[in-house]
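Notes follow once the structure below has been shown.
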Amino acid sequence: MQSIESFDNGANWINAKDLGFPGQSPYLYNIGDSILLLSQRNPLTSIRISRGKGMQFSNPYVVDYDHGAYGAYPSITHVQENNFLISYYVETVESQRAEIRFKYLTIGDQEVEISDVISKIFIEPLRLNK
């Protein structure tokens with residue numbers, strides 16, 4: 001993954017920089033106070049925290065250890081105080097159907113706690129008539 005900066009509301013971009021780790025399907029959430037949450041996949045759905053305006057990120061906190069599923073397109077929503085909800089799409093190989101999974105995140109000064117949320121949404125495969 002790379003970062004790039006704009007100082008004119010996106011009209012021009014400079015200083016492309018390799019972040020030092022791979023990633024796909026990134027989603028950035030600005031907590032404020034120069035803190036960013038980055039949710040991504042590669043290969044597992046995870047989050048990283050930047051406490052320095054996105055110039056450096058923590059090691060990944062794995063959100064889902066399901067090695068039989070391919071997670072992607074994570075999104076983060078603020079719930080209250082230091083609590084967040086992450087949702088992401090998962091396609092399991094054996095079931096041939098997709099799920100939207102939810103996890104509850106608590107972001108501390110030096111730690112991240114990830115808890116399961118009971119709810120899952122199952123999406124049946126779309127079948128097209130030829």
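Identifiers for the structure tokens are assigned positionally: chains receive A, B, ... in sequence, residues are indexed from 1 per chain, and ligands are indexed from 1 in the order shown.
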
Taking 4 positions as the minimum chain separation for residues in the same chain, which residues sit within 9 Å of A:Leu38 when counting only C-alpha atoms? Answer as a tab-separated table (two decimals) with N, CA and C atoms, in the first residue's frame.
```
chain	number	residue	atom	x	y	z
A	26	PRO	N	-8.81	-0.94	0.94
A	26	PRO	CA	-8.61	-0.11	2.13
A	26	PRO	C	-9.80	0.79	2.43
A	27	TYR	N	-9.97	1.09	3.70
A	27	TYR	CA	-10.98	2.04	4.17
A	27	TYR	C	-10.35	2.84	5.31
A	28	LEU	N	-10.34	4.16	5.19
A	28	LEU	CA	-9.79	5.02	6.24
A	28	LEU	C	-10.90	5.67	7.02
A	29	TYR	N	-10.74	5.71	8.34
A	29	TYR	CA	-11.69	6.38	9.22
A	29	TYR	C	-10.90	7.33	10.11
A	30	ASN	N	-11.23	8.61	10.07
A	30	ASN	CA	-10.54	9.62	10.85
A	30	ASN	C	-11.22	9.77	12.20
A	46	SER	N	-8.28	-7.01	8.51
A	46	SER	CA	-7.58	-6.49	9.68
A	46	SER	C	-7.72	-4.98	9.75
A	47	ILE	N	-7.31	-4.42	10.89
A	47	ILE	CA	-7.23	-2.96	11.02
A	47	ILE	C	-5.82	-2.60	11.47
A	48	ARG	N	-5.43	-1.39	11.13
A	48	ARG	CA	-4.18	-0.80	11.60
A	48	ARG	C	-4.52	0.60	12.11
A	49	ILE	N	-3.71	1.09	13.04
A	49	ILE	CA	-3.94	2.41	13.62
A	49	ILE	C	-2.75	3.30	13.33
A	50	SER	N	-3.04	4.52	12.93
A	50	SER	CA	-2.01	5.54	12.80
A	50	SER	C	-2.30	6.63	13.82
A	54	GLY	N	-1.40	9.30	9.53
A	54	GLY	CA	-1.26	8.37	8.42
A	54	GLY	C	0.15	8.20	7.89
A	57	PHE	N	1.78	3.33	10.40
A	57	PHE	CA	0.66	2.55	10.92
A	57	PHE	C	1.18	1.42	11.81
A	76	ILE	N	-16.02	1.15	8.59
A	76	ILE	CA	-16.01	1.40	10.03
A	76	ILE	C	-17.03	2.49	10.36
```

Apply DSSP to the backbone of this structure and, from stretch 43-99 of chain A, keep only the residues in strand (DSSP E or B); write these as a compact mmCIF listing (two decimals) with all heavy atoms, in the first residue's frame.
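Saved file out06.txt follows:
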```
# COMPACT_ATOMS: atom_id res chain seq x y z
N THR A 45 -8.91 -10.00 6.86
CA THR A 45 -9.46 -8.70 7.21
C THR A 45 -8.82 -8.23 8.51
O THR A 45 -8.78 -8.97 9.49
CB THR A 45 -10.98 -8.78 7.35
OG1 THR A 45 -11.53 -9.27 6.13
CG2 THR A 45 -11.58 -7.42 7.65
N SER A 46 -8.28 -7.01 8.51
CA SER A 46 -7.58 -6.49 9.68
C SER A 46 -7.72 -4.98 9.75
O SER A 46 -8.18 -4.34 8.81
CB SER A 46 -6.11 -6.88 9.63
OG SER A 46 -5.50 -6.31 8.48
N ILE A 47 -7.31 -4.42 10.89
CA ILE A 47 -7.23 -2.96 11.02
C ILE A 47 -5.82 -2.60 11.47
O ILE A 47 -5.11 -3.40 12.08
CB ILE A 47 -8.27 -2.37 11.99
CG1 ILE A 47 -8.00 -2.83 13.41
CG2 ILE A 47 -9.67 -2.68 11.57
CD1 ILE A 47 -8.69 -1.98 14.44
N ARG A 48 -5.43 -1.39 11.13
CA ARG A 48 -4.18 -0.80 11.60
C ARG A 48 -4.52 0.60 12.11
O ARG A 48 -5.48 1.21 11.66
CB ARG A 48 -3.16 -0.69 10.47
CG ARG A 48 -2.67 -2.03 9.96
CD ARG A 48 -1.78 -1.83 8.74
NE ARG A 48 -1.36 -3.09 8.16
CZ ARG A 48 -0.17 -3.66 8.36
NH1 ARG A 48 0.72 -3.07 9.12
NH2 ARG A 48 0.13 -4.80 7.79
N ILE A 49 -3.71 1.09 13.04
CA ILE A 49 -3.94 2.41 13.62
C ILE A 49 -2.75 3.30 13.33
O ILE A 49 -1.60 2.87 13.46
CB ILE A 49 -4.15 2.31 15.15
CG1 ILE A 49 -5.35 1.43 15.46
CG2 ILE A 49 -4.32 3.69 15.77
CD1 ILE A 49 -5.52 1.14 16.93
N SER A 50 -3.04 4.52 12.93
CA SER A 50 -2.01 5.54 12.80
C SER A 50 -2.30 6.63 13.82
O SER A 50 -3.40 7.17 13.86
CB SER A 50 -2.01 6.14 11.39
OG SER A 50 -1.09 7.24 11.36
N TYR A 61 -4.13 -5.68 13.38
CA TYR A 61 -4.98 -6.37 14.34
C TYR A 61 -5.97 -7.15 13.48
O TYR A 61 -6.82 -6.56 12.81
CB TYR A 61 -5.73 -5.39 15.24
CG TYR A 61 -4.83 -4.59 16.15
CD1 TYR A 61 -4.35 -3.35 15.76
CD2 TYR A 61 -4.47 -5.08 17.41
CE1 TYR A 61 -3.54 -2.59 16.59
CE2 TYR A 61 -3.65 -4.34 18.25
CZ TYR A 61 -3.19 -3.09 17.83
OH TYR A 61 -2.38 -2.36 18.66
N VAL A 62 -5.85 -8.47 13.48
CA VAL A 62 -6.70 -9.30 12.62
C VAL A 62 -8.11 -9.31 13.17
O VAL A 62 -8.34 -9.60 14.34
CB VAL A 62 -6.13 -10.73 12.49
CG1 VAL A 62 -7.07 -11.61 11.67
CG2 VAL A 62 -4.75 -10.69 11.83
N ALA A 69 -12.41 -18.27 4.23
CA ALA A 69 -13.26 -17.23 3.66
C ALA A 69 -12.38 -16.09 3.15
O ALA A 69 -11.28 -15.88 3.63
CB ALA A 69 -14.21 -16.70 4.72
N TYR A 70 -12.89 -15.38 2.19
CA TYR A 70 -12.20 -14.25 1.62
C TYR A 70 -12.96 -12.99 1.99
O TYR A 70 -14.04 -12.74 1.47
CB TYR A 70 -12.07 -14.38 0.10
CG TYR A 70 -11.34 -15.63 -0.31
CD1 TYR A 70 -12.02 -16.78 -0.67
CD2 TYR A 70 -9.95 -15.65 -0.28
CE1 TYR A 70 -11.33 -17.93 -1.03
CE2 TYR A 70 -9.25 -16.80 -0.63
CZ TYR A 70 -9.95 -17.93 -1.00
OH TYR A 70 -9.27 -19.07 -1.35
N GLY A 71 -12.43 -12.21 2.92
CA GLY A 71 -13.09 -10.99 3.36
C GLY A 71 -12.62 -9.80 2.55
O GLY A 71 -11.49 -9.76 2.07
N ALA A 72 -13.49 -8.82 2.42
CA ALA A 72 -13.12 -7.61 1.67
C ALA A 72 -14.09 -6.48 1.97
O ALA A 72 -15.10 -6.67 2.64
CB ALA A 72 -13.12 -7.90 0.18
N TYR A 73 -13.76 -5.33 1.46
CA TYR A 73 -14.58 -4.12 1.51
C TYR A 73 -15.02 -3.76 2.92
O TYR A 73 -16.21 -3.56 3.18
CB TYR A 73 -15.78 -4.24 0.56
CG TYR A 73 -15.35 -4.66 -0.82
CD1 TYR A 73 -15.64 -5.93 -1.31
CD2 TYR A 73 -14.60 -3.79 -1.62
CE1 TYR A 73 -15.20 -6.32 -2.57
CE2 TYR A 73 -14.16 -4.18 -2.87
CZ TYR A 73 -14.48 -5.44 -3.34
OH TYR A 73 -14.04 -5.82 -4.57
N PRO A 74 -14.06 -3.64 3.85
CA PRO A 74 -14.45 -3.27 5.21
C PRO A 74 -14.88 -1.82 5.30
O PRO A 74 -14.48 -0.97 4.51
CB PRO A 74 -13.15 -3.50 6.00
CG PRO A 74 -12.06 -3.33 5.00
CD PRO A 74 -12.62 -3.81 3.70
N SER A 75 -15.73 -1.55 6.28
CA SER A 75 -16.19 -0.20 6.57
C SER A 75 -16.26 -0.05 8.09
O SER A 75 -16.52 -1.03 8.79
CB SER A 75 -17.56 0.04 5.95
OG SER A 75 -17.98 1.35 6.17
N ILE A 76 -16.02 1.15 8.59
CA ILE A 76 -16.01 1.40 10.03
C ILE A 76 -17.03 2.49 10.36
O ILE A 76 -17.13 3.48 9.65
CB ILE A 76 -14.61 1.83 10.50
CG1 ILE A 76 -13.59 0.72 10.25
CG2 ILE A 76 -14.62 2.21 11.97
CD1 ILE A 76 -12.16 1.12 10.51
N THR A 77 -17.75 2.29 11.46
CA THR A 77 -18.72 3.27 11.95
C THR A 77 -18.46 3.51 13.43
O THR A 77 -18.23 2.56 14.18
CB THR A 77 -20.16 2.74 11.77
OG1 THR A 77 -20.38 2.49 10.38
CG2 THR A 77 -21.18 3.74 12.26
N HIS A 78 -18.49 4.75 13.85
CA HIS A 78 -18.32 5.10 15.26
C HIS A 78 -19.61 4.80 16.00
O HIS A 78 -20.69 5.16 15.55
CB HIS A 78 -17.96 6.59 15.38
CG HIS A 78 -17.69 7.02 16.76
ND1 HIS A 78 -18.44 7.99 17.38
CD2 HIS A 78 -16.76 6.62 17.65
CE1 HIS A 78 -17.97 8.17 18.61
NE2 HIS A 78 -16.96 7.35 18.79
N VAL A 79 -19.49 4.12 17.14
CA VAL A 79 -20.66 3.78 17.95
C VAL A 79 -20.77 4.75 19.13
O VAL A 79 -21.77 5.44 19.29
CB VAL A 79 -20.60 2.31 18.44
CG1 VAL A 79 -21.78 1.99 19.33
CG2 VAL A 79 -20.54 1.36 17.27
N GLN A 80 -19.74 4.79 19.97
CA GLN A 80 -19.69 5.72 21.10
C GLN A 80 -18.28 5.73 21.66
O GLN A 80 -17.58 4.73 21.59
CB GLN A 80 -20.68 5.35 22.19
CG GLN A 80 -20.41 4.00 22.82
CD GLN A 80 -21.45 3.60 23.84
OE1 GLN A 80 -22.48 4.24 23.96
NE2 GLN A 80 -21.20 2.55 24.58
N ASN A 83 -15.49 3.19 20.88
CA ASN A 83 -16.09 1.96 20.34
C ASN A 83 -16.55 2.17 18.90
O ASN A 83 -17.18 3.17 18.57
CB ASN A 83 -17.27 1.53 21.21
CG ASN A 83 -16.84 1.27 22.63
OD1 ASN A 83 -15.90 0.52 22.88
ND2 ASN A 83 -17.49 1.91 23.58
N PHE A 84 -16.24 1.16 18.07
CA PHE A 84 -16.53 1.23 16.65
C PHE A 84 -17.09 -0.10 16.18
O PHE A 84 -16.86 -1.13 16.79
CB PHE A 84 -15.25 1.55 15.85
CG PHE A 84 -14.63 2.85 16.26
CD1 PHE A 84 -13.77 2.92 17.33
CD2 PHE A 84 -14.92 4.00 15.56
CE1 PHE A 84 -13.21 4.12 17.71
CE2 PHE A 84 -14.37 5.21 15.93
CZ PHE A 84 -13.51 5.27 17.01
N LEU A 85 -17.82 -0.07 15.08
CA LEU A 85 -18.33 -1.27 14.45
C LEU A 85 -17.67 -1.38 13.09
O LEU A 85 -17.64 -0.42 12.32
CB LEU A 85 -19.85 -1.18 14.28
CG LEU A 85 -20.54 -2.43 13.74
CD1 LEU A 85 -20.54 -3.52 14.80
CD2 LEU A 85 -21.97 -2.10 13.33
N ILE A 86 -17.08 -2.55 12.80
CA ILE A 86 -16.53 -2.79 11.47
C ILE A 86 -17.42 -3.83 10.79
O ILE A 86 -17.82 -4.82 11.39
CB ILE A 86 -15.06 -3.26 11.53
CG1 ILE A 86 -14.49 -3.45 10.11
CG2 ILE A 86 -14.88 -4.51 12.36
CD1 ILE A 86 -12.99 -3.70 10.07
N SER A 87 -17.79 -3.55 9.57
CA SER A 87 -18.56 -4.50 8.77
C SER A 87 -17.73 -4.83 7.54
O SER A 87 -16.97 -3.99 7.05
CB SER A 87 -19.91 -3.91 8.37
OG SER A 87 -19.73 -2.73 7.63
N TYR A 88 -17.86 -6.06 7.05
CA TYR A 88 -17.09 -6.48 5.89
C TYR A 88 -17.77 -7.66 5.22
O TYR A 88 -18.50 -8.42 5.84
CB TYR A 88 -15.64 -6.81 6.26
CG TYR A 88 -15.51 -7.81 7.39
CD1 TYR A 88 -15.27 -9.14 7.12
CD2 TYR A 88 -15.66 -7.41 8.71
CE1 TYR A 88 -15.18 -10.06 8.14
CE2 TYR A 88 -15.57 -8.32 9.74
CZ TYR A 88 -15.33 -9.64 9.45
OH TYR A 88 -15.24 -10.55 10.48
N TYR A 89 -17.52 -7.77 3.95
CA TYR A 89 -18.08 -8.81 3.09
C TYR A 89 -17.18 -10.04 3.16
O TYR A 89 -15.96 -9.92 3.16
CB TYR A 89 -18.12 -8.24 1.68
CG TYR A 89 -18.27 -9.20 0.56
CD1 TYR A 89 -19.52 -9.53 0.07
CD2 TYR A 89 -17.16 -9.76 -0.07
CE1 TYR A 89 -19.67 -10.38 -1.01
CE2 TYR A 89 -17.30 -10.61 -1.14
CZ TYR A 89 -18.55 -10.92 -1.61
OH TYR A 89 -18.69 -11.77 -2.65
N VAL A 90 -17.78 -11.21 3.25
CA VAL A 90 -17.02 -12.46 3.27
C VAL A 90 -17.67 -13.44 2.32
O VAL A 90 -18.88 -13.62 2.33
CB VAL A 90 -16.99 -13.09 4.69
CG1 VAL A 90 -16.34 -14.45 4.67
CG2 VAL A 90 -16.28 -12.17 5.65
N GLU A 91 -16.86 -14.06 1.51
CA GLU A 91 -17.34 -15.12 0.62
C GLU A 91 -16.65 -16.41 1.03
O GLU A 91 -15.44 -16.50 1.00
CB GLU A 91 -17.02 -14.79 -0.83
CG GLU A 91 -17.66 -15.77 -1.80
CD GLU A 91 -17.50 -15.30 -3.24
OE1 GLU A 91 -17.39 -14.09 -3.47
OE2 GLU A 91 -17.50 -16.18 -4.11
N THR A 92 -17.44 -17.39 1.46
CA THR A 92 -16.87 -18.66 1.89
C THR A 92 -16.82 -19.62 0.71
O THR A 92 -17.74 -19.69 -0.10
CB THR A 92 -17.69 -19.28 3.04
OG1 THR A 92 -19.03 -19.44 2.61
CG2 THR A 92 -17.66 -18.39 4.27
N ALA A 98 -22.36 -15.47 0.15
CA ALA A 98 -21.66 -14.37 0.80
C ALA A 98 -22.32 -14.02 2.13
O ALA A 98 -23.49 -14.30 2.35
CB ALA A 98 -21.66 -13.15 -0.12
N GLU A 99 -21.52 -13.42 2.99
CA GLU A 99 -22.01 -12.94 4.28
C GLU A 99 -21.51 -11.52 4.47
O GLU A 99 -20.47 -11.15 3.95
CB GLU A 99 -21.44 -13.76 5.43
CG GLU A 99 -21.75 -15.22 5.42
CD GLU A 99 -20.98 -15.95 6.52
OE1 GLU A 99 -20.36 -15.31 7.39
OE2 GLU A 99 -21.00 -17.17 6.48
```

Practice prompt. Work out how far atom CA of A:Arg97 is from atom CA of A:Asp64, in Å to one decimal.
Written response: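 Distance reported for this atom pair: 17.2 Å.
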
Item to complete: Extract, using only C-alpha atoms, all DNA, RNA and protein residues at most 9 Å from A:Asp33, discarding same-chain residues fewer than 4 positions from it, and format them as a list in words.
Response: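 With the cut-off at 9 Å, the set is Arg51, Gly52 and Lys53 of chain A.
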
Convert the current residue selection to file output with N, CA and C atoms, as a short mmCIF file (atom, residue, chain, number, x, y, z; two decimals), in the first residue's frame.
```
data_model
loop_
_atom_site.label_atom_id
_atom_site.label_comp_id
_atom_site.auth_asym_id
_atom_site.auth_seq_id
_atom_site.Cartn_x
_atom_site.Cartn_y
_atom_site.Cartn_z
N ARG A 51 -1.32 6.91 14.63
CA ARG A 51 -1.46 8.00 15.60
C ARG A 51 -0.65 9.22 15.14
N GLY A 52 -0.25 9.21 13.85
CA GLY A 52 0.56 10.29 13.30
C GLY A 52 0.10 10.72 11.93
N LYS A 53 -1.19 10.97 11.78
CA LYS A 53 -1.76 11.50 10.53
C LYS A 53 -1.53 10.60 9.32
#
```

Item to complete: Just the residues within 7 Å of A:Val117, please, counting only C-alpha atoms, with nothing from its chain fewer than 5 positions along; format it as number ranges by chain.
Response: A: 102-104

May I have the residues from that selection written out with N, CA, C and O atoms, as a PDB file, in the first residue's frame?
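Final output, saved to selection-v3.pdb:
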```pdb
ATOM      1  N   PHE A 102     -19.991  -8.578  11.153  1.00  0.00           N
ATOM      2  CA  PHE A 102     -19.839  -7.388  11.978  1.00  0.00           C
ATOM      3  C   PHE A 102     -18.962  -7.736  13.184  1.00  0.00           C
ATOM      4  O   PHE A 102     -19.137  -8.780  13.798  1.00  0.00           O
ATOM      5  N   LYS A 103     -18.041  -6.838  13.511  1.00  0.00           N
ATOM      6  CA  LYS A 103     -17.231  -6.978  14.721  1.00  0.00           C
ATOM      7  C   LYS A 103     -17.247  -5.643  15.456  1.00  0.00           C
ATOM      8  O   LYS A 103     -17.341  -4.576  14.853  1.00  0.00           O
ATOM      9  N   TYR A 104     -17.121  -5.723  16.760  1.00  0.00           N
ATOM     10  CA  TYR A 104     -17.127  -4.556  17.632  1.00  0.00           C
ATOM     11  C   TYR A 104     -15.689  -4.269  18.032  1.00  0.00           C
ATOM     12  O   TYR A 104     -14.983  -5.165  18.498  1.00  0.00           O
TER      13      TYR A 104
END
```

Fill in: Two-atom distance - atom CA of A:Tyr65, atom CA of A:Ser115 (Å)
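Atom CA of A:Tyr65 sits 12.5 Å away from atom CA of A:Ser115.
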
Item to complete: Considering only C-alpha atoms, state which residue in the set A:Asn9, A:Asn42, A:Ile4, A:Asp116 is at the smallest distance from A:Phe21.
Response: A:Asn42

Fill in: Selection near A:Asn15, 9 Å with only C-alpha atoms, sequence-local residues under 2 positions removed, as a PyMOL selection string
chain A and resi 3-6+13+17
